[in-house]
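A.B. asks: Let me begin by handing over the structure; questions about it come next.
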Amino acid sequence: MVEVEKPKFSGAKVKAFFTLKNEHFAEDRLIPGLNVGFNTSENREQIIKNRKQIFDSYYIDDSNVAFGNQVHGTHIELVEQPGLYANTDGLLTCEKGIGLAILVADCAAILLYDEESNSVSALHAGWRGAIGGILLKALDMFKAKGSSLKKIQAFVSPCISAAQFEVGEEVAAQFPEEVVIRGIYEKPHIDLKLFLKNQFLEAGVNMENVEIHDGCTLSEASNYYSYRREGKQSGRMMAYIELL
């Protein structure tokens, strides 16, 4: 069975999930589990099989899925057709039946749903994308489509926790001090989940509609891939959302 985290979208007419490592799928794989990243050391044929296994488990036609060729940027593509979108870290669609997929290891994946505008979005938010404002940019796009931001529902995936997210001063200086932890560890640490939470609050999103998963990709090796922990042997997990 393919194991996933399922966002608690209330009354939502969407299909959404976040894949776990699924380490029990290990036979004939360079990277144990259901790694879905082409930019890993696993061979392409196995990645295609892994993706198909996930999609088949949730009755998804893989020819109807949009992916971003992620570059740790802030470009959000308005998707009307499935396929691969270059230099894209965010996807947004109003089209039913087109799945949006974002791949992560330690970065956060964000899934957004708005019933008013009948729109969904999937975002890749590592520290660069988060600082660059990819979440706020997506929320502005929802607002332009007539969304009331108070009613948007959101899911923030497991990602690297504040306890594990050690950075240099050159990175820490780019974040507001309220999300930088100093004096406890040898180097500064960043609370990425708190940073994203504050951006939701800044935009006026009702936090009762925002689910921020407490899982840590680096600490929980049996559940999640982590580039910081595994380096080039790290796989990628998938965040998926589709309007029904």
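The chains in the structure tokens are called A, B, ... from first to last as shown; in each chain the residues are counted from 1, and the ligands are counted from 1 in the order shown.
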Output as a list in words all residues of stretch 66-102 of chain A that backbone DSSP marks as strand (DSSP E or B).

C.D. replies: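 The strand (DSSP E or B) residues within stretch 66-102 of chain A come out as Ala66, Phe67, Gly68, Ile76, Glu77, Leu78, Gly83, Leu84, Tyr85, Gly90, Leu91, Leu92, Thr93, Gly99, Leu100, Ala101 and Ile102 of chain A.
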
A.B. asks: What does the file look like for those residues with C-alpha atoms, as a PDB file, in the first residue's frame?

C.D. replies:
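Saved as selection32.pdb:
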ATOM      1  CA  ALA A  66       1.415  19.080 -14.459  1.00  0.00           C
ATOM      2  CA  PHE A  67       4.897  19.278 -12.946  1.00  0.00           C
ATOM      3  CA  GLY A  68       7.258  22.191 -12.495  1.00  0.00           C
ATOM      4  CA  ILE A  76       3.967  30.357 -10.610  1.00  0.00           C
ATOM      5  CA  GLU A  77       2.499  28.950 -13.798  1.00  0.00           C
ATOM      6  CA  LEU A  78      -1.232  29.267 -14.536  1.00  0.00           C
ATOM      7  CA  GLY A  83       2.952  18.653 -18.789  1.00  0.00           C
ATOM      8  CA  LEU A  84       6.306  19.911 -17.531  1.00  0.00           C
ATOM      9  CA  TYR A  85       6.704  23.655 -16.989  1.00  0.00           C
ATOM     10  CA  GLY A  90       4.437  26.961  -8.342  1.00  0.00           C
ATOM     11  CA  LEU A  91       1.398  25.720 -10.240  1.00  0.00           C
ATOM     12  CA  LEU A  92      -2.166  27.076 -10.138  1.00  0.00           C
ATOM     13  CA  THR A  93      -5.230  25.901 -12.026  1.00  0.00           C
ATOM     14  CA  GLY A  99      -3.329  17.330 -11.258  1.00  0.00           C
ATOM     15  CA  LEU A 100      -0.615  19.602  -9.894  1.00  0.00           C
ATOM     16  CA  ALA A 101       2.519  17.938  -8.509  1.00  0.00           C
ATOM     17  CA  ILE A 102       5.430  19.434  -6.572  1.00  0.00           C
TER      18      ILE A 102
END

A.B. asks: Write out as a PyMOL selection string the set of residues from stretch 1-233 of chain A that DSSP, computed on the backbone, places in alpha helix (DSSP H).

C.D. replies: chain A and resi 44-57+127-132+134-144+169-172+192-203+227-230

A.B. asks: Which one of A:Gln174, A:Lys15, A:Glu23, A:His75 sits closest to A:Tyr59 if you count only C-alpha atoms?

C.D. replies: A:Lys15

A.B. asks: With only C-alpha atoms as the atoms that count, which of A:Gln70, A:Ser148, A:Gln233, A:Gln199 lies nearest to A:Val104?

C.D. replies: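 Nearest candidate to A:Val104 out of A:Gln70, A:Ser148, A:Gln233, A:Gln199: A:Gln70.
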
A.B. asks: Might you pull out every residue within 6 Å of stretch 217-222 of chain A, with only C-alpha atoms counted and same-chain residues fewer than 4 positions away left off, and present them as an MDAnalysis selection string?

C.D. replies: chainID A and resid 106 159:160 226

A.B. asks: Print the selection's residues with C-alpha atoms to a file, as a PDB file, in the first residue's frame.

C.D. replies:
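Full text of result20.pdb as output:
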ATOM      1  CA  ASP A 106      13.581  19.072   3.083  1.00  0.00           C
ATOM      2  CA  CYS A 159       9.734  19.730   5.980  1.00  0.00           C
ATOM      3  CA  ILE A 160      12.937  20.395   7.884  1.00  0.00           C
ATOM      4  CA  SER A 226      15.988  14.375   3.439  1.00  0.00           C
TER       5      SER A 226
END

A.B. asks: Pick from A:Cys94, A:Phe25, A:Ile181, A:Ala109: nearest to A:Met141, with only C-alpha atoms counted?

C.D. replies: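 So, comparing all the options, the nearest one is A:Cys94.
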
A.B. asks: For A:Leu243, which residue out of A:Gly168, A:Gly133, A:Gly97, A:Gly146 is the nearest one, using only C-alpha atoms?

C.D. replies: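 Counting only C-alpha atoms, the residue closest to A:Leu243 is A:Gly97.
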
A.B. asks: Using only C-alpha atoms, which residues sit within 12 Å of A:Ser147 once same-chain residues fewer than 3 positions away are excluded, as a list of chain:residue names?

C.D. replies: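 Final neighbour list, sorted by chain and number: A:Leu112, A:Tyr113, A:Asp114, A:Glu115, A:Glu116, A:Ser117, A:Asn118, A:Ser119, A:Val120, A:Ala138, A:Leu139, A:Asp140, A:Met141, A:Phe142, A:Lys143, A:Ala144, A:Lys150, A:Lys151, A:Ile152, A:Gln153, A:Gly204, A:Val205.
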
A.B. asks: Could you tell me how far atom CA of A:Leu196 sits from atom CA of A:His72, in Å to one decimal place?

C.D. replies: 15.7 Å

A.B. asks: Just checking: using only C-alpha atoms, which residue out of A:Val171, A:Ala105, A:Val2, A:Leu111 ends up closest to A:Arg228?

C.D. replies: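 Comparing A:Val171, A:Ala105, A:Val2, A:Leu111 against A:Arg228, the winner is A:Ala105.
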
A.B. asks: Given only C-alpha atoms as the basis, pick out the residue of A:Leu192, A:Leu20, A:Leu244, A:Ala172 nearest to A:Lys96.

C.D. replies: A:Leu244

A.B. asks: Any idea what the distance is between atom CA of A:Arg236 and atom CA of A:Ala108?

C.D. replies: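 One can read the atom CA of A:Arg236 to atom CA of A:Ala108 distance as 11.8 Å.
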
A.B. asks: Can you measure atom CA of A:Leu123 to atom CA of A:Glu3 for me? One decimal in Å is fine.

C.D. replies: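 Computed distance, atom CA of A:Leu123 to atom CA of A:Glu3, equals 21.1 Å.
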
A.B. asks: At a cut-off of 12 Å, using only C-alpha atoms, what residues contact A:Asp28? Leave out same-chain residues fewer than 2 positions from it and give the result as a list in words.

C.D. replies: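 Everything that qualifies: His24, Phe25, Ala26, Leu30, Ile31, Pro32, Gly33, Leu34, Glu42, Asn43, Glu45, Gln46, Ile47, Lys49 and Asn50 of chain A.
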